[in-house]
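Structure file upload10.pdb (PDB, C-alpha atoms, pLDDT in the B column) follows.
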ATOM      1  CA  MET A   1     202.435 174.074  16.550  1.00 82.00           C
ATOM      2  CA  PHE A   2     201.178 173.137  13.072  1.00 94.00           C
ATOM      3  CA  ALA A   3     199.169 170.087  14.083  1.00 96.00           C
ATOM      4  CA  ASP A   4     195.738 171.696  13.777  1.00 96.00           C
ATOM      5  CA  ARG A   5     196.505 173.140  10.350  1.00 97.00           C
ATOM      6  CA  ILE A   6     197.857 169.824   9.076  1.00 97.00           C
ATOM      7  CA  ILE A   7     194.850 167.915  10.377  1.00 97.00           C
ATOM      8  CA  LYS A   8     192.437 170.446   8.884  1.00 97.00           C
ATOM      9  CA  PHE A   9     194.294 170.265   5.550  1.00 97.00           C
ATOM     10  CA  ALA A  10     194.270 166.461   5.594  1.00 97.00           C
ATOM     11  CA  ARG A  11     190.537 166.289   6.304  1.00 96.00           C
ATOM     12  CA  ARG A  12     189.922 168.049   2.987  1.00 97.00           C
ATOM     13  CA  PHE A  13     191.065 164.862   1.259  1.00 97.00           C
ATOM     14  CA  GLU A  14     188.620 162.524   2.977  1.00 96.00           C
ATOM     15  CA  GLY A  15     186.839 160.588   0.267  1.00 96.00           C
ATOM     16  CA  ARG A  16     189.579 161.335  -2.267  1.00 95.00           C
ATOM     17  CA  LEU A  17     192.509 159.670  -0.536  1.00 96.00           C
ATOM     18  CA  ASP A  18     192.335 156.210   1.037  1.00 97.00           C
ATOM     19  CA  SER A  19     191.364 156.603   4.690  1.00 96.00           C
ATOM     20  CA  ASP A  20     194.153 154.276   5.883  1.00 97.00           C
ATOM     21  CA  LEU A  21     196.763 156.348   4.054  1.00 96.00           C
ATOM     22  CA  LEU A  22     195.282 159.544   5.432  1.00 96.00           C
ATOM     23  CA  GLN A  23     195.212 158.246   8.988  1.00 96.00           C
ATOM     24  CA  GLY A  24     198.686 156.761   8.652  1.00 96.00           C
ATOM     25  CA  ALA A  25     200.091 160.167   7.779  1.00 95.00           C
ATOM     26  CA  LEU A  26     198.170 161.858  10.585  1.00 95.00           C
ATOM     27  CA  ASP A  27     199.412 159.339  13.131  1.00 96.00           C
ATOM     28  CA  TYR A  28     202.767 161.132  13.005  1.00 96.00           C
ATOM     29  CA  VAL A  29     201.131 164.309  14.318  1.00 95.00           C
ATOM     30  CA  ALA A  30     200.376 162.481  17.569  1.00 92.00           C
ATOM     31  CA  TYR A  31     204.112 161.839  17.964  1.00 94.00           C
ATOM     32  CA  ASN A  32     205.047 165.494  17.363  1.00 93.00           C
ATOM     33  CA  GLU A  33     206.374 164.672  13.901  1.00 96.00           C
ATOM     34  CA  GLU A  34     204.336 167.367  12.181  1.00 95.00           C
ATOM     35  CA  SER A  35     206.677 168.012   9.278  1.00 94.00           C
ATOM     36  CA  LEU A  36     206.973 164.274   8.584  1.00 95.00           C
ATOM     37  CA  ALA A  37     203.178 163.898   8.741  1.00 96.00           C
ATOM     38  CA  PHE A  38     202.718 166.699   6.247  1.00 95.00           C
ATOM     39  CA  GLU A  39     205.436 165.380   3.949  1.00 94.00           C
ATOM     40  CA  ILE A  40     203.890 161.891   3.945  1.00 95.00           C
ATOM     41  CA  LEU A  41     200.455 163.374   3.292  1.00 96.00           C
ATOM     42  CA  CYS A  42     201.779 165.361   0.327  1.00 94.00           C
ATOM     43  CA  ASP A  43     203.620 162.287  -0.910  1.00 94.00           C
ATOM     44  CA  HIS A  44     200.359 160.303  -0.884  1.00 95.00           C
ATOM     45  CA  ILE A  45     198.529 163.109  -2.680  1.00 95.00           C
ATOM     46  CA  CYS A  46     201.180 163.112  -5.403  1.00 92.00           C
ATOM     47  CA  GLU A  47     201.651 159.352  -5.595  1.00 93.00           C
ATOM     48  CA  TYR A  48     197.940 158.721  -6.079  1.00 94.00           C
ATOM     49  CA  ASP A  49     197.424 161.717  -8.415  1.00 91.00           C
ATOM     50  CA  ILE A  50     194.815 163.330  -6.194  1.00 93.00           C
ATOM     51  CA  SER A  51     193.638 166.561  -7.813  1.00 91.00           C
ATOM     52  CA  ILE A  52     193.835 169.618  -5.582  1.00 92.00           C
ATOM     53  CA  THR A  53     192.042 172.926  -5.816  1.00 93.00           C
ATOM     54  CA  ASP A  54     193.785 176.286  -5.964  1.00 93.00           C
ATOM     55  CA  GLU A  55     192.754 176.863  -2.355  1.00 95.00           C
ATOM     56  CA  GLU A  56     194.233 173.513  -1.255  1.00 95.00           C
ATOM     57  CA  TYR A  57     197.420 174.214  -3.184  1.00 92.00           C
ATOM     58  CA  ASN A  58     197.765 177.658  -1.599  1.00 94.00           C
ATOM     59  CA  GLU A  59     197.256 176.223   1.876  1.00 96.00           C
ATOM     60  CA  ALA A  60     199.842 173.521   1.171  1.00 94.00           C
ATOM     61  CA  VAL A  61     202.354 176.163   0.071  1.00 94.00           C
ATOM     62  CA  ARG A  62     201.677 178.244   3.205  1.00 95.00           C
ATOM     63  CA  LEU A  63     202.220 175.166   5.374  1.00 95.00           C
ATOM     64  CA  ILE A  64     205.404 174.227   3.523  1.00 93.00           C
ATOM     65  CA  LEU A  65     206.856 177.690   4.006  1.00 93.00           C
ATOM     66  CA  ASP A  66     205.631 178.118   7.601  1.00 96.00           C
ATOM     67  CA  ILE A  67     207.014 174.745   8.659  1.00 94.00           C
ATOM     68  CA  GLY A  68     210.325 175.639   7.017  1.00 92.00           C
ATOM     69  CA  LEU A  69     210.325 172.957   4.351  1.00 90.00           C
ATOM     70  CA  ASP A  70     211.671 173.450   0.837  1.00 88.00           C
ATOM     71  CA  LEU A  71     209.013 173.899  -1.852  1.00 86.00           C
ATOM     72  CA  GLY A  72     211.453 172.589  -4.459  1.00 84.00           C
ATOM     73  CA  GLU A  73     212.142 169.292  -2.694  1.00 85.00           C
ATOM     74  CA  GLY A  74     210.399 165.985  -2.163  1.00 78.00           C
ATOM     75  CA  PRO A  75     206.729 165.651  -2.978  1.00 83.00           C
ATOM     76  CA  PHE A  76     206.151 169.382  -2.619  1.00 84.00           C
ATOM     77  CA  LYS A  77     207.612 170.204  -6.022  1.00 80.00           C
ATOM     78  CA  HIS A  78     205.002 167.952  -7.667  1.00 80.00           C
ATOM     79  CA  LEU A  79     201.920 169.544  -6.089  1.00 79.00           C
ATOM     80  CA  LEU A  80     201.620 172.228  -8.772  1.00 69.00           C
ATOM     81  CA  GLY A  81     200.967 169.590 -11.422  1.00 73.00           C
ATOM     82  CA  LEU A  82     197.978 168.285  -9.476  1.00 72.00           C
ATOM     83  CA  LYS A  83     196.005 171.527  -9.478  1.00 72.00           C
ATOM     84  CA  LYS A  84     192.605 171.383 -11.158  1.00 64.00           C
TER      85      LYS A  84
END
Reformat the file's structure so that it appears as structure tokens.
Amino acid sequence: MFADRIIKFARRFEGRLDSDLLQGALDYVAYNEESLAFEILCDHICEYDISITDEEYNEAVRLILDIGLDLGEGPFKHLLGLKK
């Protein structure tokens, strides 16, 4: 249901996030673990201090809310500090 949006979001980080980490997160999409894939992707973005644009941040927030995850939990709460 959210696979295409997650993949499109992840592709925005090609060249900024290690390709193995990116692909590792996206591998979960293939197993219908979309929320886990997105959480791992966000965790990598935070862990490696990858700067995100306002547009990327807004898309991440929309995905978090649409998937039904909690913006105040896990790696999601740290995304705001990564905005350029």
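Across A:Asp18, A:Glu73, A:Asp54, A:Glu33, the tightest approach to Met1 in chain A is made by A:Glu33 when counting only C-alpha atoms.
Relative to CA of Ile7 in chain A, CA of Glu47 in chain A is found at 19.4 Å.
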Take the PyMOL selection byres ((chain A and resi 28-31) around 10), apply it to the structure above, and return the hits as a PDB file with C-alpha atoms, in the frame of the given file.
ATOM      1  CA  PHE A   2     201.178 173.137  13.072  1.00 94.00           C
ATOM      2  CA  ALA A   3     199.169 170.087  14.083  1.00 96.00           C
ATOM      3  CA  ASP A   4     195.738 171.696  13.777  1.00 96.00           C
ATOM      4  CA  ILE A   6     197.857 169.824   9.076  1.00 97.00           C
ATOM      5  CA  ILE A   7     194.850 167.915  10.377  1.00 97.00           C
ATOM      6  CA  GLN A  23     195.212 158.246   8.988  1.00 96.00           C
ATOM      7  CA  GLY A  24     198.686 156.761   8.652  1.00 96.00           C
ATOM      8  CA  ALA A  25     200.091 160.167   7.779  1.00 95.00           C
ATOM      9  CA  LEU A  26     198.170 161.858  10.585  1.00 95.00           C
ATOM     10  CA  ASP A  27     199.412 159.339  13.131  1.00 96.00           C
ATOM     11  CA  ASN A  32     205.047 165.494  17.363  1.00 93.00           C
ATOM     12  CA  GLU A  33     206.374 164.672  13.901  1.00 96.00           C
ATOM     13  CA  GLU A  34     204.336 167.367  12.181  1.00 95.00           C
ATOM     14  CA  SER A  35     206.677 168.012   9.278  1.00 94.00           C
ATOM     15  CA  LEU A  36     206.973 164.274   8.584  1.00 95.00           C
ATOM     16  CA  ALA A  37     203.178 163.898   8.741  1.00 96.00           C
ATOM     17  CA  PHE A  38     202.718 166.699   6.247  1.00 95.00           C
ATOM     18  CA  ILE A  40     203.890 161.891   3.945  1.00 95.00           C
TER      19      ILE A  40
END
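Nearest residue to Lys77 in chain A, choosing from A:Lys8, A:Glu14, A:Cys42, A:Ile52 and counting only C-alpha atoms: A:Cys42.
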Return as an NGL selection string the set of residues that the PyMOL selection byres ((chain A and resi 53) around 12) yields on the displayed structure. :A and (9 or 12-13 or 50-52 or 54-60 or 79-84)
Work out how far apart CA of Leu17 in chain A and CA of His44 in chain A are and give it in Å to one decimal. 7.9 Å
Can you measure CA of Gly74 in chain A to CA of Arg5 in chain A for me? One decimal in Å is fine. 20.0 Å
Go ahead and fit an axis-aligned box to every listed atom of range 15-34 of chain A plus 8 Å each side, and pass me the centre and edge lengths in Å, one decimal, as AutoDock Vina command-line options.
--center_x 196.6 --center_y 160.8 --center_z 7.8 --size_x 35.5 --size_y 29.1 --size_z 36.2
10 Å contact set for Glu39 in chain A, only C-alpha atoms, chain neighbours under 6 positions out, as a count of residues only: 7
